[in-house]
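Novice: Got query-v3.cif for you, mmCIF, C-alpha atoms:
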data_target
#
loop_
_atom_site.group_PDB
_atom_site.id
_atom_site.type_symbol
_atom_site.label_atom_id
_atom_site.label_comp_id
_atom_site.auth_asym_id
_atom_site.auth_seq_id
_atom_site.Cartn_x
_atom_site.Cartn_y
_atom_site.Cartn_z
ATOM 1 C CA MET A 113 91.593 91.709 84.829
ATOM 2 C CA THR A 114 88.487 92.083 86.987
ATOM 3 C CA GLU A 115 87.174 95.577 87.600
ATOM 4 C CA TRP A 116 86.791 97.260 90.964
ATOM 5 C CA ILE A 117 83.369 96.756 92.593
ATOM 6 C CA ASP A 118 81.784 99.220 95.035
ATOM 7 C CA VAL A 119 81.258 97.757 98.519
ATOM 8 C CA ILE A 120 80.168 100.519 100.916
ATOM 9 C CA GLN A 121 80.826 104.170 101.727
ATOM 10 C CA THR A 122 83.615 104.188 104.302
ATOM 11 C CA ARG A 123 81.766 106.698 106.494
ATOM 12 C CA ALA A 124 78.871 104.193 106.761
ATOM 13 C CA PHE A 125 81.171 101.297 107.725
ATOM 14 C CA ALA A 126 81.758 101.447 111.482
ATOM 15 C CA GLU A 127 84.846 100.081 113.217
ATOM 16 C CA GLY A 128 84.332 96.409 114.111
ATOM 17 C CA GLU A 129 81.574 95.988 111.547
ATOM 18 C CA ARG A 130 81.526 93.341 108.810
ATOM 19 C CA VAL A 131 79.546 93.010 105.603
ATOM 20 C CA VAL A 132 79.194 90.091 103.216
ATOM 21 C CA ILE A 133 79.062 90.763 99.500
ATOM 22 C CA GLU A 134 79.089 88.679 96.353
ATOM 23 C CA VAL A 135 82.115 89.035 94.099
ATOM 24 C CA ASP A 136 82.179 87.051 90.848
ATOM 25 C CA GLY A 137 79.836 84.421 92.305
ATOM 26 C CA SER A 138 81.683 84.023 95.622
ATOM 27 C CA GLU A 139 80.753 85.324 99.064
ATOM 28 C CA VAL A 140 83.359 87.683 100.528
ATOM 29 C CA ALA A 141 83.452 88.981 104.110
ATOM 30 C CA VAL A 142 84.717 92.552 104.455
ATOM 31 C CA PHE A 143 85.820 93.830 107.869
ATOM 32 C CA ASN A 144 86.644 97.221 109.357
ATOM 33 C CA LEU A 145 89.350 96.650 111.967
ATOM 34 C CA GLY A 146 90.484 99.876 113.566
ATOM 35 C CA GLY A 147 89.684 101.901 110.449
ATOM 36 C CA ARG A 148 91.565 99.518 108.138
ATOM 37 C CA PHE A 149 89.649 97.304 105.733
ATOM 38 C CA TYR A 150 90.174 93.615 104.964
ATOM 39 C CA ALA A 151 88.360 91.180 102.689
ATOM 40 C CA ILE A 152 88.521 87.381 102.893
ATOM 41 C CA GLU A 153 86.656 84.489 101.335
ATOM 42 C CA ASP A 154 83.564 83.812 103.433
ATOM 43 C CA ILE A 155 84.083 80.064 103.485
ATOM 44 C CA CYS A 156 85.938 77.845 105.924
ATOM 45 C CA THR A 157 88.652 75.898 104.130
ATOM 46 C CA HIS A 158 87.972 72.944 106.433
ATOM 47 C CA ASP A 159 84.358 72.186 105.533
ATOM 48 C CA GLY A 160 82.864 74.990 103.442
ATOM 49 C CA MET A 161 80.897 76.671 106.263
ATOM 50 C CA GLU A 162 80.448 80.423 105.956
ATOM 51 C CA LEU A 163 82.637 82.374 108.388
ATOM 52 C CA ALA A 164 81.195 85.873 108.701
ATOM 53 C CA SER A 165 78.591 84.865 111.296
ATOM 54 C CA GLY A 166 81.312 83.498 113.568
ATOM 55 C CA GLU A 167 82.745 85.292 116.560
ATOM 56 C CA ARG A 168 85.522 87.781 115.980
ATOM 57 C CA GLU A 169 88.339 88.072 118.500
ATOM 58 C CA GLY A 170 90.742 90.865 117.613
ATOM 59 C CA ASP A 171 91.887 90.163 114.064
ATOM 60 C CA GLU A 172 90.675 86.546 114.081
ATOM 61 C CA ILE A 173 87.391 85.076 112.834
ATOM 62 C CA ILE A 174 86.233 81.795 114.347
ATOM 63 C CA CYS A 175 84.330 79.274 112.221
ATOM 64 C CA PRO A 176 80.907 78.781 113.839
ATOM 65 C CA ARG A 177 80.856 75.047 113.025
ATOM 66 C CA HIS A 178 84.164 73.566 114.240
ATOM 67 C CA GLY A 179 86.031 76.510 115.743
ATOM 68 C CA ALA A 180 88.875 76.878 113.235
ATOM 69 C CA ARG A 181 90.458 80.319 113.470
ATOM 70 C CA PHE A 182 91.637 82.491 110.590
ATOM 71 C CA CYS A 183 93.528 85.781 110.555
ATOM 72 C CA ILE A 184 91.298 88.426 108.966
ATOM 73 C CA ARG A 185 94.320 90.524 107.943
ATOM 74 C CA THR A 186 96.208 87.736 106.127
ATOM 75 C CA GLY A 187 93.724 84.883 105.586
ATOM 76 C CA LYS A 188 96.105 82.506 107.352
ATOM 77 C CA ALA A 189 94.586 79.371 108.916
ATOM 78 C CA LEU A 190 95.630 79.573 112.564
ATOM 79 C CA THR A 191 94.148 76.459 114.187
ATOM 80 C CA PRO A 192 92.932 72.990 113.252
ATOM 81 C CA PRO A 193 90.781 71.617 111.835
ATOM 82 C CA ALA A 194 91.587 74.142 109.064
ATOM 83 C CA TYR A 195 95.048 73.998 107.493
ATOM 84 C CA GLU A 196 94.474 75.830 104.202
ATOM 85 C CA ASP A 197 94.578 79.644 104.162
ATOM 86 C CA LEU A 198 91.769 81.872 102.884
ATOM 87 C CA HIS A 199 92.127 84.129 99.865
ATOM 88 C CA CYS A 200 92.438 87.833 100.705
ATOM 89 C CA PHE A 201 90.995 90.264 98.183
ATOM 90 C CA PRO A 202 92.535 93.657 97.351
ATOM 91 C CA LEU A 203 90.616 96.706 98.558
ATOM 92 C CA ARG A 204 90.934 100.411 97.873
ATOM 93 C CA VAL A 205 89.100 103.612 98.716
ATOM 94 C CA GLU A 206 88.029 105.900 95.844
ATOM 95 C CA ASN A 207 86.118 109.093 96.665
ATOM 96 C CA GLY A 208 85.027 107.668 100.025
ATOM 97 C CA MET A 209 83.803 104.392 98.503
ATOM 98 C CA LEU A 210 85.399 101.131 99.581
ATOM 99 C CA GLN A 211 86.009 98.971 96.504
ATOM 100 C CA ILE A 212 87.080 95.359 96.011
ATOM 101 C CA ARG A 213 88.604 93.448 93.122
ATOM 102 C CA ASP A 214 88.679 89.701 92.492
ATOM 103 C CA ASP A 215 92.293 88.877 91.695
ATOM 104 C CA ARG A 216 92.046 85.095 92.080
ATOM 105 C CA TRP A 217 92.555 84.457 88.368
ATOM 106 C CA SER A 218 94.750 87.440 87.446
#
When written as structure tokens, how does the structure in this file appear?
Specialist:
Amino acid sequence: MTEWIDVIQTRAFAEGERVVIEVDGSEVAVFNLGGRFYAIEDICTHDGMELASGEREGDEIICPRHGARFCIRTGKALTPPAYEDLHCFPLRVENGMLQIRDDRWS
């Protein structure tokens, strides 16, 4: 099982902010939505474009290339041209530090 990896101190992670980190060789976008934290693969399942630089509307991220929308909370593909969901990574807070774990192969 993969170990927990430190991401950022929660007090330094403002509401609405996003950060991109590398987890086991993959880019992961981490979001603070209303004080709750979510982590999704930073890659559009339609064509492999990174997602984190796209516009965010509420709890949706919009792919900057073709406009596919994904739910940040669940990873669900919401609109074409993407039909495959994103992987969501587990997060936790330990002593004020937001941590992530790669559970894709657990």
Novice: Residue by residue, what does the PyMOL selection byres ((chain A and resi 122) around 6) grab here? Present the result as a PyMOL selection string.
Specialist: chain A and resi 121+123-125+208-210
Novice: At a cut-off of 12 Å, using only C-alpha atoms, what residues contact Arg216 (chain A)? Leave out same-chain residues fewer than 4 positions from it and give the result as an NGL selection string.
Specialist: :A and (113-114 or 135-136 or 138 or 152-153 or 198-202)
Novice: Quick one: which residues end up in the PyMOL selection byres ((chain A and resi 171-183) around 8) for this structure, as JSON, numbers by chain?
Specialist: {"A": [145, 156, 158, 161, 162, 163, 164, 165, 166, 167, 168, 169, 170, 184, 185, 186, 187, 188, 189, 190, 191, 192, 193, 194, 197, 198]}
Novice: Which residue gives the smallest distance to Phe143 (chain A) among A:Asp118, A:Ser218, A:Glu127, A:Ile212, with only C-alpha atoms counted?
Specialist: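 Nearest candidate to Phe143 (chain A) out of A:Asp118, A:Ser218, A:Glu127, A:Ile212: A:Glu127.
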Novice: From the list A:Gly160, A:Asp215, A:Val132, A:Gly146, which residue is nearest Leu203 (chain A) when using all atoms listed in the file?
Specialist: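 Comparing A:Gly160, A:Asp215, A:Val132, A:Gly146 against Leu203 (chain A), the winner is A:Asp215.
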Novice: Work out how far CA of Arg148 (chain A) is from CA of Trp217 (chain A), in Å to one decimal.
Specialist: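 It comes out at 24.9 Å.
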Novice: Would you place a box with edges along x, y and z of the file around all atoms of region 163-170 of chain A listed there, add 3 Å to each of its six sides, and report the centre and edge lengths in Å to one decimal, as AutoDock Vina command-line options?
Specialist:
--center_x 84.7 --center_y 86.6 --center_z 113.4 --size_x 18.2 --size_y 14.5 --size_z 16.1
Novice: With all atoms listed in the file as the basis for distance, which of A:Glu196, A:Glu134, A:Gly147, A:Val142 is at the shortest distance from Asp159 (chain A)?
Specialist: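 Among the listed residues, the smallest separation from Asp159 (chain A) belongs to A:Glu196.
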Novice: Counting all atoms listed in the file, which of A:Asp214, A:Val140, A:Ile155, A:Val205 gets nearest to Ile120 (chain A)?
Specialist: A:Val205
